[in-house]
Amino acid sequence: MTDTDKPQPDPTPEPGTPEPGDTKVDAAEDASAAPRERSSSVLREIASGDALSGVLAVLLAFLVGSVMIASTDANVRETIGYVTARPSDFFSAVWDAVSGAYSAMFRGAVFNNLVDDPAQQWRPLTETLKFAGPLILGGLGVGIAFRAALFNIGGRGQMLLGGGAAAWVGFQLDLPMIVHLPLAILVGMVVGGLWGGLAGLLKARTGAHEVIVTIMLNYVAYYLLFWALTKEWLLATPGSVNPKSPPMKESAILPKVLGDRFNLHLGFVLALVAVLVVWWLLSRSTLGYRIRAVGENPNAARASGINVGRTYVVVMMIAGSLLGLAGVNQVLGTVTSGVSTDIDAGIGFDAITVALLGRSRPLGILAAGILFGAFKAGGFTMQASENISVDLVLVVQSLIVLFLAAPPLVRAIFRLPAQEAK
């Protein structure tokens, strides 16, 4: 019997049995695998992105700050002498010191559960937002310069001159509020923008490095303001030997947004508006495209027809106007009793940290500004209730900068994947 005469198996498959290459089966498998691939891709993107490393940098700074709090606490130092005999005393003292410090910071920055009045319970949050306003504006000024690959270290000078110009309008002129307040704000922004634009012009025309130029302009601005505070026709108070201007007139003061019981003023609302404007400028406008193109590769931007020098000038003018608005926020909102040479309150340099933590993105800068506002508001409560130096807050801020400057270190500590090239 030949092979052809032998009974052959029925080639017809059993009902419901999938055949190899069946497109329906392949489609079903692809459909089930797609969600897994998408979720894995999202997790990889989150783990290798900038946002997570920023959050972890803040977490590491708090952890190191906790070690410093514990090491300087008297009870911890006392219990460490007999830690081998009664380790529970040591760990209890560490917990009390760290939790007490951060609980006090929370009460001073977000919610105070030790008082009964609901308005007073939420008052710390309004203080945080008040401090956050100029930090957000300053961070935007530094961040938009970062997007053009410019390092704007001149925030202090731009704040001082912008705030000083707004103060002159604020106490010298007698105008209705509907004219007086917008005019003071506009003058402060214009002066800050011109001071920032000067650094951009020197960068564009001479190639001078903006870091050196802006640092030197900080000193020039400081002594210009000091000189103005000695002249009665400029900022000096008549008959006073103190270098301080007269207080602002009521028509030039930023109004309180929640009434007189709270210190939160319109400056924070202006900061929110500035966040939206900068976001639109960078994401939806042709100028924003030019700024980002110059920041990515100025040579390629120049080859594509973008005037790189003009972009430098424009972006530094915008940055200076935002920092000038931060100075206006201080002069017309937070400290309305008069201008002095310390009106910037270190915000010009804190803005660099805010911009770094926010990755030069408007929404990131908003979140970072609120966080640093909480540091400022909560640090004083921590010092008063727990007898911990407010300088510890500065240490935590510095540690955030340190960890932000070393993202590979953060990724190595938490075993995160390397950041993907963009």
# chains A, B, ... in the order shown; residues from 1 in each chain; ligands from 1
>>> residues_around(residues="segment 108-110 of chain A", least_positions_apart="5", cutoff="10 Å", atoms="only C-alpha atoms", output="PyMOL selection string")
chain A and resi 102-103+121-129+370-371+373-382+385
>>> closest_residue(among="A:Ala319, A:Ala101, A:Ile347, A:Asn297", to="Leu194 of chain A", atoms="only C-alpha atoms")
A:Ala319
>>> select_by_dssp(residues="segment 175-288 of chain A", states="alpha helix (DSSP H)", output="ChimeraX atom specification")
/A:177-206,210-228,266-284,286-288
>>> residues_around(residues="segment 262-274 of chain A", least_positions_apart="6", cutoff="10 Å", atoms="only C-alpha atoms", output="ChimeraX atom specification")
/A:119-120,122-138,140-141,253-256,280,322,325-326,328-330,332-334,362-363,366
>>> closest_residue(among="A:Val314, A:Ala184, A:Leu323, A:Ile388", to="Val98 of chain A", atoms="only C-alpha atoms")
A:Ile388
>>> closest_residue(among="A:Ala368, A:Ile306, A:Leu229, A:Val220", to="Ala293 of chain A", atoms="only C-alpha atoms")
A:Ile306
>>> atom_distance(atom1="atom CA of Val142 of chain A", atom2="atom CA of Gly364 of chain A")
12.9 Å
>>> closest_residue(among="A:Asn75, A:Pro118, A:Val275, A:Ile80", to="Ala97 of chain A", atoms="only C-alpha atoms")
A:Asn75
>>> closest_residue(among="A:Met248, A:Ile212, A:Met159, A:Ala199", to="Ser337 of chain A", atoms="only C-alpha atoms")
A:Met248
>>> residues_around(residues="Ile352 of chain A", least_positions_apart="6", cutoff="12 Å", atoms="only C-alpha atoms", output="ChimeraX atom specification")
/A:135-146,151-156,323,346,358-360,365,368-369,372,397-398,400-401,404
>>> residues_around(residues="Arg77 of chain A", least_positions_apart="3", cutoff="12 Å", atoms="only C-alpha atoms", output="PyMOL selection string")
chain A and resi 68-74+80-83+89-91+93-94+97
>>> closest_residue(among="A:Gln158, A:Thr84, A:Ser240, A:Ser321", to="Leu225 of chain A", atoms="only C-alpha atoms")
A:Gln158
>>> residues_around(residues="Gly162 of chain A", least_positions_apart="4", cutoff="6 Å", atoms="only C-alpha atoms", output="PyMOL selection string")
chain A and resi 158+188+191-192+324+327
>>> atom_distance(atom1="atom CA of Val294 of chain A", atom2="atom CA of Leu281 of chain A")
14.7 Å
>>> atom_distance(atom1="atom CA of Gly295 of chain A", atom2="atom CA of Ala149 of chain A")
4.5 Å
>>> residues_around(residues="Lys244 of chain A", least_positions_apart="6", cutoff="9 Å", atoms="only C-alpha atoms", output="list of chain:residue names")
A:Phe226, A:Leu229, A:Thr230, A:Leu235, A:Ala236, A:Thr237, A:Gly338, A:Val339, A:Ser340, A:Thr341
>>> write_last_selection(atoms="N, CA, C and O atoms", output="mmCIF file, in the first residue's frame")
data_model
loop_
_atom_site.group_PDB
_atom_site.id
_atom_site.type_symbol
_atom_site.label_atom_id
_atom_site.label_comp_id
_atom_site.auth_asym_id
_atom_site.auth_seq_id
_atom_site.Cartn_x
_atom_site.Cartn_y
_atom_site.Cartn_z
ATOM 1 N N PHE A 226 21.272 102.668 46.572
ATOM 2 C CA PHE A 226 21.787 103.304 47.781
ATOM 3 C C PHE A 226 21.969 104.804 47.563
ATOM 4 O O PHE A 226 21.644 105.620 48.438
ATOM 5 N N LEU A 229 18.684 106.542 47.605
ATOM 6 C CA LEU A 229 18.128 106.658 48.955
ATOM 7 C C LEU A 229 18.776 107.769 49.766
ATOM 8 O O LEU A 229 18.351 108.035 50.899
ATOM 9 N N THR A 230 19.791 108.420 49.216
ATOM 10 C CA THR A 230 20.406 109.579 49.879
ATOM 11 C C THR A 230 19.943 110.895 49.273
ATOM 12 O O THR A 230 20.348 111.955 49.759
ATOM 13 N N LEU A 235 14.560 109.000 46.327
ATOM 14 C CA LEU A 235 13.915 108.043 47.225
ATOM 15 C C LEU A 235 14.075 108.360 48.705
ATOM 16 O O LEU A 235 13.413 107.723 49.530
ATOM 17 N N ALA A 236 14.941 109.282 49.068
ATOM 18 C CA ALA A 236 15.208 109.526 50.492
ATOM 19 C C ALA A 236 14.008 110.162 51.176
ATOM 20 O O ALA A 236 13.268 110.965 50.596
ATOM 21 N N THR A 237 13.823 109.806 52.448
ATOM 22 C CA THR A 237 12.782 110.416 53.272
ATOM 23 C C THR A 237 13.270 111.777 53.750
ATOM 24 O O THR A 237 14.359 111.870 54.334
ATOM 25 N N GLY A 338 8.276 101.274 53.074
ATOM 26 C CA GLY A 338 9.363 102.021 52.442
ATOM 27 C C GLY A 338 10.428 101.103 51.876
ATOM 28 O O GLY A 338 10.580 99.952 52.295
ATOM 29 N N VAL A 339 11.168 101.628 50.904
ATOM 30 C CA VAL A 339 12.211 100.859 50.223
ATOM 31 C C VAL A 339 13.536 101.031 50.932
ATOM 32 O O VAL A 339 13.889 102.126 51.367
ATOM 33 N N SER A 340 14.278 99.942 51.056
ATOM 34 C CA SER A 340 15.656 99.972 51.537
ATOM 35 C C SER A 340 16.484 99.065 50.639
ATOM 36 O O SER A 340 15.959 98.412 49.734
ATOM 37 N N THR A 341 17.763 98.988 50.900
ATOM 38 C CA THR A 341 18.646 98.216 50.020
ATOM 39 C C THR A 341 18.482 96.713 50.178
ATOM 40 O O THR A 341 19.026 95.953 49.373
#
